[in-house]
file entry32.tsv (TSV, C-alpha atoms)
chain	number	residue	atom	x	y	z
R	1	MET	CA	7.29	51.18	71.80
R	2	SER	CA	4.52	51.23	74.40
R	3	HIS	CA	0.93	52.17	73.51
R	4	THR	CA	-0.60	52.60	76.96
R	5	GLY	CA	2.16	50.93	78.94
R	6	ARG	CA	-0.17	48.36	80.51
R	7	LEU	CA	2.67	45.84	80.58
R	8	ALA	CA	5.50	48.25	81.35
R	9	GLY	CA	8.18	46.45	83.32
R	10	LYS	CA	6.60	43.04	82.76
R	11	ARG	CA	8.92	40.18	81.83
R	12	ILE	CA	7.10	37.84	79.47
R	13	LEU	CA	7.85	34.45	77.93
R	14	VAL	CA	5.74	33.65	74.87
R	15	THR	CA	6.05	30.12	73.51
R	16	GLY	CA	5.59	29.38	69.83
R	17	ALA	CA	6.26	33.02	69.03
R	18	GLY	CA	8.20	32.51	65.82
R	19	THR	CA	5.05	32.35	63.73
R	20	GLY	CA	1.25	32.65	63.73
R	21	LEU	CA	-0.61	33.64	66.87
R	22	GLY	CA	2.56	33.67	68.94
R	23	SER	CA	4.11	36.37	66.78
R	24	GLY	CA	1.07	38.59	67.21
R	25	ILE	CA	1.04	37.98	70.95
R	26	ALA	CA	4.73	38.81	71.32
R	27	LEU	CA	4.40	42.02	69.31
R	28	GLU	CA	1.31	43.25	71.18
R	29	CYS	CA	2.89	42.52	74.57
R	30	ALA	CA	6.02	44.39	73.49
R	31	ARG	CA	3.96	47.36	72.26
R	32	GLU	CA	2.48	47.61	75.74
R	33	GLY	CA	5.92	47.80	77.32
R	34	GLY	CA	6.79	44.18	78.05
R	35	ALA	CA	10.25	42.63	77.67
R	36	ILE	CA	9.82	39.47	75.62
R	37	ALA	CA	11.50	36.07	75.56
R	38	VAL	CA	10.48	34.73	72.12
R	39	HIS	CA	10.39	30.94	72.14
R	40	TYR	CA	10.34	28.92	68.93
R	41	GLY	CA	10.43	25.27	68.03
R	42	SER	CA	11.51	25.24	64.40
R	43	SER	CA	10.78	28.72	63.02
R	44	GLN	CA	14.14	30.32	63.81
R	45	ALA	CA	13.85	32.88	61.01
R	46	GLY	CA	10.41	33.94	62.17
R	47	ALA	CA	11.56	34.32	65.76
R	48	ALA	CA	14.57	36.39	64.66
R	49	LYS	CA	12.25	38.65	62.67
R	50	ILE	CA	10.00	39.26	65.68
R	51	VAL	CA	13.01	40.01	67.88
R	52	ASP	CA	14.31	42.48	65.30
R	53	GLN	CA	10.93	44.22	65.09
R	54	ILE	CA	10.70	44.60	68.85
R	55	ARG	CA	14.26	45.87	69.17
R	56	ALA	CA	13.85	48.28	66.24
R	57	ALA	CA	10.93	49.85	68.08
R	58	GLY	CA	13.00	50.25	71.23
R	59	GLY	CA	11.86	47.13	73.05
R	60	GLN	CA	13.78	44.28	74.67
R	61	ALA	CA	13.63	40.78	73.20
R	62	GLU	CA	15.63	37.64	72.60
R	63	ALA	CA	14.86	34.33	70.86
R	64	PHE	CA	15.11	30.91	72.54
R	65	ALA	CA	14.81	27.50	70.89
R	66	ALA	CA	13.28	24.45	72.56
R	67	ASP	CA	11.37	21.31	71.61
R	68	LEU	CA	8.52	21.32	74.11
R	69	ALA	CA	8.11	17.56	73.71
R	70	ASN	CA	11.53	17.21	75.36
R	71	LEU	CA	11.31	18.00	79.08
R	72	ASP	CA	15.05	18.61	79.37
R	73	GLU	CA	14.70	21.36	76.78
R	74	VAL	CA	11.62	22.68	78.58
R	75	ALA	CA	13.66	23.02	81.78
R	76	ARG	CA	16.48	24.73	79.89
R	77	LEU	CA	14.04	27.17	78.28
R	78	ALA	CA	12.66	28.10	81.69
R	79	GLU	CA	16.16	28.80	82.99
R	80	THR	CA	17.61	30.67	80.01
R	81	ALA	CA	14.52	32.81	79.36
R	82	SER	CA	14.23	33.76	83.04
R	83	ASP	CA	17.95	34.58	83.19
R	84	PHE	CA	17.64	36.86	80.16
R	85	LEU	CA	14.59	38.63	81.55
R	86	GLY	CA	15.86	38.77	85.13
R	87	GLY	CA	12.85	36.86	86.36
R	88	LEU	CA	9.38	36.28	84.97
R	89	ASP	CA	6.03	38.01	85.38
R	90	VAL	CA	3.97	36.36	82.65
R	91	LEU	CA	4.07	32.98	80.92
R	92	VAL	CA	2.05	32.71	77.71
R	93	ASN	CA	1.68	29.04	76.83
R	94	ASN	CA	0.85	29.46	73.16
R	95	ALA	CA	2.92	26.81	71.38
R	96	GLY	CA	0.95	24.01	69.82
R	97	ILE	CA	0.71	21.73	66.80
R	98	THR	CA	-2.23	20.20	64.98
R	99	PHE	CA	-3.22	17.95	62.12
R	100	ASN	CA	-6.43	16.83	60.45
R	101	VAL	CA	-6.75	13.04	60.50
R	102	PRO	CA	-9.87	10.85	60.60
R	103	PHE	CA	-10.29	9.20	64.00
R	104	ALA	CA	-9.86	5.68	62.52
R	105	LYS	CA	-6.45	6.62	61.13
R	106	VAL	CA	-4.87	8.42	64.09
R	107	THR	CA	-1.68	6.66	65.16
R	108	PRO	CA	-0.33	6.38	68.73
R	109	LYS	CA	2.74	8.33	67.61
R	110	GLN	CA	0.60	11.22	66.33
R	111	PHE	CA	-1.56	11.14	69.46
R	112	ASP	CA	1.44	11.19	71.79
R	113	ARG	CA	3.16	14.01	69.89
R	114	LEU	CA	0.16	16.33	70.16
R	115	TYR	CA	-0.28	15.72	73.87
R	116	GLN	CA	3.45	16.06	74.53
R	117	VAL	CA	3.66	19.48	72.85
R	118	ASN	CA	0.20	20.92	73.42
R	119	VAL	CA	-0.40	19.77	76.99
R	120	ARG	CA	2.65	18.27	78.70
R	121	GLY	CA	5.17	20.86	77.46
R	122	GLY	CA	3.21	23.87	78.67
R	123	TYR	CA	2.28	22.14	81.93
R	124	PHE	CA	5.86	21.42	82.92
R	125	LEU	CA	7.11	24.76	81.64
R	126	ALA	CA	4.68	26.42	84.05
R	127	GLN	CA	5.99	24.20	86.81
R	128	ALA	CA	9.58	25.10	85.93
R	129	VAL	CA	8.96	28.85	86.16
R	130	LEU	CA	6.65	28.65	89.17
R	131	LYS	CA	9.19	30.12	91.60
R	132	HIS	CA	9.66	33.16	89.36
R	133	LEU	CA	5.93	33.72	88.95
R	134	GLU	CA	5.34	33.39	92.68
R	135	ARG	CA	8.08	35.89	93.42
R	136	ALA	CA	6.59	38.33	90.90
R	137	GLN	CA	2.95	37.62	91.81
R	138	GLY	CA	2.59	36.97	88.10
R	139	SER	CA	0.22	35.24	85.74
R	140	ILE	CA	-0.14	32.42	83.23
R	141	VAL	CA	-2.13	32.77	80.02
R	142	ASN	CA	-2.81	29.48	78.25
R	143	ILE	CA	-3.88	29.46	74.62
R	144	THR	CA	-6.53	26.83	73.93
R	145	SER	CA	-9.01	26.85	71.02
R	146	ILE	CA	-12.71	26.85	70.19
R	147	HIS	CA	-12.07	23.21	69.25
R	148	ALA	CA	-12.22	22.63	73.02
R	149	LEU	CA	-15.81	23.88	72.94
R	150	GLU	CA	-17.15	22.67	69.58
R	151	GLY	CA	-16.83	19.45	67.63
R	152	MET	CA	-15.37	19.15	64.13
R	153	PRO	CA	-14.51	16.04	62.10
R	154	GLU	CA	-10.89	14.89	61.99
R	155	HIS	CA	-9.91	16.99	65.02
R	156	SER	CA	-10.50	14.51	67.86
R	157	THR	CA	-6.88	14.45	69.08
R	158	TYR	CA	-6.31	18.18	68.74
R	159	ALA	CA	-9.63	18.98	70.42
R	160	GLY	CA	-8.72	16.67	73.28
R	161	THR	CA	-5.50	18.57	73.92
R	162	LYS	CA	-7.29	21.88	73.88
R	163	GLY	CA	-10.00	20.63	76.22
R	164	ALA	CA	-7.28	19.47	78.60
R	165	ILE	CA	-5.86	23.00	78.61
R	166	VAL	CA	-9.24	24.46	79.61
R	167	ALA	CA	-9.60	22.00	82.50
R	168	THR	CA	-6.00	22.44	83.63
R	169	THR	CA	-6.37	26.23	83.54
R	170	ARG	CA	-9.37	26.03	85.85
R	171	ALA	CA	-7.67	23.68	88.31
R	172	LEU	CA	-4.34	25.53	88.40
R	173	ALA	CA	-6.09	28.84	88.92
R	174	ILE	CA	-7.53	27.56	92.18
R	175	GLU	CA	-4.33	25.88	93.32
R	176	LEU	CA	-2.05	28.81	92.50
R	177	ALA	CA	-4.32	31.64	93.64
R	178	PRO	CA	-2.97	31.45	97.23
R	179	LEU	CA	0.50	32.03	95.76
R	180	GLY	CA	-0.67	35.23	94.10
R	181	ILE	CA	-0.51	33.73	90.60
R	182	ARG	CA	-3.44	34.21	88.24
R	183	VAL	CA	-4.16	31.59	85.56
R	184	ASN	CA	-6.53	32.15	82.65
R	185	ALA	CA	-6.89	30.99	79.06
R	186	ILE	CA	-7.92	32.28	75.64
R	187	ALA	CA	-9.83	30.25	73.06
R	188	PRO	CA	-9.23	31.79	69.64
R	189	GLY	CA	-11.61	31.22	66.76
R	190	CYS	CA	-10.74	31.47	63.08
R	191	VAL	CA	-7.44	33.34	62.81
R	192	PRO	CA	-5.72	32.46	59.50
R	193	VAL	CA	-1.97	32.02	59.79
R	194	ALA	CA	0.71	30.45	57.60
R	195	ASN	CA	-0.32	26.92	58.59
R	196	TYR	CA	-3.76	27.51	57.07
R	197	GLU	CA	-2.20	27.62	53.63
R	198	GLN	CA	-0.43	24.34	54.23
R	199	ALA	CA	-3.62	22.65	55.44
R	200	LEU	CA	-6.19	24.25	53.12
R	201	GLY	CA	-4.18	25.35	50.10
R	202	ASP	CA	-5.64	28.31	48.26
R	203	TYR	CA	-8.60	29.53	50.31
R	204	ASP	CA	-10.95	32.53	50.14
R	205	ILE	CA	-10.42	34.52	53.34
R	206	GLU	CA	-13.46	36.74	52.69
R	207	ALA	CA	-15.71	33.73	52.16
R	208	MET	CA	-14.34	32.25	55.37
R	209	GLY	CA	-15.23	35.46	57.18
R	210	ARG	CA	-18.80	35.38	55.90
R	211	ASN	CA	-19.34	32.18	57.90
R	212	ILE	CA	-18.50	34.05	61.11
R	213	PRO	CA	-21.15	36.21	62.83
R	214	ALA	CA	-18.73	39.14	63.00
R	215	GLY	CA	-18.42	38.96	59.22
R	216	TYR	CA	-14.64	38.63	59.12
R	217	VAL	CA	-11.80	36.46	60.39
R	218	GLY	CA	-9.57	37.38	63.30
R	219	THR	CA	-5.90	38.35	63.29
R	220	PRO	CA	-2.97	37.42	65.55
R	221	ALA	CA	-3.12	40.99	66.88
R	222	ASP	CA	-6.70	40.36	68.07
R	223	ILE	CA	-5.45	37.48	70.19
R	224	GLY	CA	-2.44	39.51	71.29
R	225	LYS	CA	-4.68	42.26	72.63
R	226	ALA	CA	-6.67	39.70	74.62
R	227	VAL	CA	-3.42	38.36	76.09
R	228	VAL	CA	-2.40	41.89	77.07
R	229	PHE	CA	-5.69	42.22	78.96
R	230	LEU	CA	-5.21	38.94	80.85
R	231	ALA	CA	-1.56	39.71	81.57
R	232	SER	CA	-2.30	43.18	82.92
R	233	GLU	CA	-3.89	44.48	86.11
R	234	ASP	CA	-7.07	45.17	84.12
R	235	SER	CA	-8.01	41.52	84.67
R	236	ARG	CA	-6.86	41.30	88.30
R	237	PHE	CA	-10.18	39.75	89.42
R	238	MET	CA	-10.24	37.04	86.73
R	239	LEU	CA	-9.02	33.55	87.62
R	240	GLY	CA	-9.60	30.22	85.91
R	241	GLN	CA	-11.53	31.68	83.00
R	242	THR	CA	-11.36	30.84	79.30
R	243	LEU	CA	-11.90	33.99	77.28
R	244	VAL	CA	-13.42	33.12	73.90
R	245	VAL	CA	-12.21	35.40	71.09
R	246	ASP	CA	-13.96	34.02	68.02
R	247	GLY	CA	-16.14	36.64	66.35
R	248	GLY	CA	-19.23	34.88	67.69
R	249	THR	CA	-18.52	31.48	66.16
R	250	THR	CA	-19.35	29.44	69.26
R	251	SER	CA	-22.47	31.50	69.98
R	252	TRP	CA	-24.42	30.90	66.80
R	253	MET	CA	-26.75	28.01	65.93
R	254	PRO	CA	-25.40	26.41	62.75
R	255	PHE	CA	-28.83	25.32	61.57
R	256	HIS	CA	-30.48	28.71	61.94
R	257	ASP	CA	-30.62	29.35	58.18
R	258	GLN	CA	-32.36	26.05	57.54
R	259	PHE	CA	-34.75	26.75	60.44
R	260	ARG	CA	-35.58	30.21	59.09
R	261	GLN	CA	-36.12	28.83	55.58
R	262	SER	CA	-38.42	26.11	56.91
R	263	LEU	CA	-40.61	28.66	58.71
R	264	THR	CA	-40.68	30.89	55.65
R	265	GLU	CA	-41.91	27.98	53.55
R	266	GLN	CA	-44.72	27.55	56.09
R	267	GLY	CA	-45.69	31.18	55.65
R	268	ILE	CA	-44.36	32.13	59.09
R	269	GLN	CA	-42.29	35.29	59.43
R	270	PHE	CA	-40.06	36.44	62.25
R	271	GLY	CA	-41.25	39.50	64.11
R	272	LYS	CA	-44.91	38.43	63.85
R	273	GLY	CA	-45.24	37.05	67.35
R	274	TYR	CA	-44.31	33.48	66.50
R	275	VAL	CA	-42.47	31.74	69.31
R	276	PRO	CA	-40.61	28.56	68.23
R	277	GLY	CA	-41.72	25.51	70.22
R	278	VAL	CA	-44.93	27.07	71.54
call {"tool": "encode", "arguments": {"input": "entry32.tsv", "output": "structure tokens"}}
result
Amino acid sequence: MSHTGRLAGKRILVTGAGTGLGSGIALECAREGGAIAVHYGSSQAGAAKIVDQIRAAGGQAEAFAADLANLDEVARLAETASDFLGGLDVLVNNAGITFNVPFAKVTPKQFDRLYQVNVRGGYFLAQAVLKHLERAQGSIVNITSIHALEGMPEHSTYAGTKGAIVATTRALAIELAPLGIRVNAIAPGCVPVANYEQALGDYDIEAMGRNIPAGYVGTPADIGKAVVFLASEDSRFMLGQTLVVDGGTTSWMPFHDQFRQSLTEQGIQFGKGYVPGV
């Protein structure tokens, strides 16, 4: 099943791999030779499908259920997944939930649920598998979001969890480096998955892509390939970094069109030696 074999022999636990980004991550890691423990929270059918795909291609995989808001289940996941794999080389903390709610209407229950799953679950899962990662001189790849880097209405709680992941990644990378464990993160941009349809209804994916500098939206495989890089020896000198994979979304100035139009109305053209602000 391997493409280049960059993860050959690697034992990998991917959380939230029954759907969305996690599915793409699990498949790409398997294609590069990794044995995969496919964690899921509620998407049992999706996890079973991913396991079947990996096995059909000659890879090794098994599905494991756990509610990451429940620390007893987190501990059990760490044990059962590591037992299946015979240890652990890579933990991909991908699982997460979100919702769009105006700040004034966010409830304590909603707030707590997001932090329990998105932050606390992954944090204590990493702690639970620490001995395996140290033994293997392995790595942790945390999945955050561009919401940690940019503001958007009705995402204050979700953005807070993703910002916490960026900060935790940086701190753990320094603390765990002496143990031989590398910790990095990936901040995906717009990657439509099944949950998009639930949140947005019928949406125009091409129109969505036109709002991204690259001109198109990303795919779960794009994020999976970035995970492969951070999980492999190709990134051996990277620690504590958040790799932004967003088609340029966080690099552009959202008011540039209005700025350009304003200058045009003044009879000023780009490329004519005009320097804004001078």
call {"tool": "atom_distance", "arguments": {"input": "entry32.tsv", "atom1": "atom CA of R:His155", "atom2": "atom CA of R:Arg120"}}
result
18.6 Å
call {"tool": "residues_around", "arguments": {"input": "entry32.tsv", "residues": "stretch 146-152 of chain R", "least_positions_apart": "5", "cutoff": "7 Å", "atoms": "all atoms listed in the file", "output": "NGL selection string"}}
result
:R and (159-160 or 162-163 or 187-189)
call {"tool": "closest_residue", "arguments": {"input": "entry32.tsv", "among": "R:Arg135, R:Lys105, R:Arg31, R:Arg236", "to": "R:Ala61", "atoms": "only C-alpha atoms"}}
result
R:Arg31
call {"tool": "residues_around", "arguments": {"input": "entry32.tsv", "residues": "R:Ala69", "least_positions_apart": "4", "cutoff": "8 Å", "atoms": "only C-alpha atoms", "output": "PyMOL selection string"}}
result
chain R and resi 74+113+116-117+120-121
call {"tool": "residues_around", "arguments": {"input": "entry32.tsv", "residues": "R:Gly240", "least_positions_apart": "4", "cutoff": "10 Å", "atoms": "all atoms listed in the file", "output": "list in words"}}
result
Val141, Val166, Ala167, Thr168, Thr169, Arg170, Ala171, Leu172, Ala173, Ile174, Ala177, Arg182, Val183, Asn184 and Ala185 of chain R
call {"tool": "residues_around", "arguments": {"input": "entry32.tsv", "residues": "R:Arg6", "least_positions_apart": "3", "cutoff": "12 Å", "atoms": "all atoms listed in the file", "output": "VMD selection string"}}
result
chain R and resid 1 to 3 9 to 10 28 to 34 225 227 to 235
call {"tool": "atom_distance", "arguments": {"input": "entry32.tsv", "atom1": "atom CA of R:Gly209", "atom2": "atom CA of R:Glu154"}}
result
21.6 Å
call {"tool": "residues_around", "arguments": {"input": "entry32.tsv", "residues": "R:Thr19", "least_positions_apart": "2", "cutoff": "8 Å", "atoms": "only C-alpha atoms", "output": "list in words"}}
result
Gly16, Ala17, Leu21, Gly22, Ser23, Ser43, Gly46, Ala47 and Ala194 of chain R
call {"tool": "residues_near_point", "arguments": {"input": "entry32.tsv", "point": "(15.2, 24.6, 69.9)", "cutoff": "8 Å", "atoms": "only C-alpha atoms", "output": "PyMOL selection string"}}
result
chain R and resi 40-42+64-67+73
call {"tool": "atom_distance", "arguments": {"input": "entry32.tsv", "atom1": "atom CA of R:Ser251", "atom2": "atom CA of R:Ser139"}}
result
27.9 Å
call {"tool": "closest_residue", "arguments": {"input": "entry32.tsv", "among": "R:Gly122, R:Gly180, R:Gly248, R:Gly24", "to": "R:Asp89", "atoms": "all atoms listed in the file"}}
result
R:Gly180
call {"tool": "closest_residue", "arguments": {"input": "entry32.tsv", "among": "R:Ile140, R:Val245, R:Leu176, R:Val14", "to": "R:Val191", "atoms": "all atoms listed in the file"}}
result
R:Val245
call {"tool": "closest_residue", "arguments": {"input": "entry32.tsv", "among": "R:Gln137, R:Asn142, R:Thr250, R:Thr80", "to": "R:Ala226", "atoms": "all atoms listed in the file"}}
result
R:Asn142
call {"tool": "closest_residue", "arguments": {"input": "entry32.tsv", "among": "R:Gly59, R:Pro178, R:Pro108, R:Pro153", "to": "R:Leu239", "atoms": "all atoms listed in the file"}}
result
R:Pro178
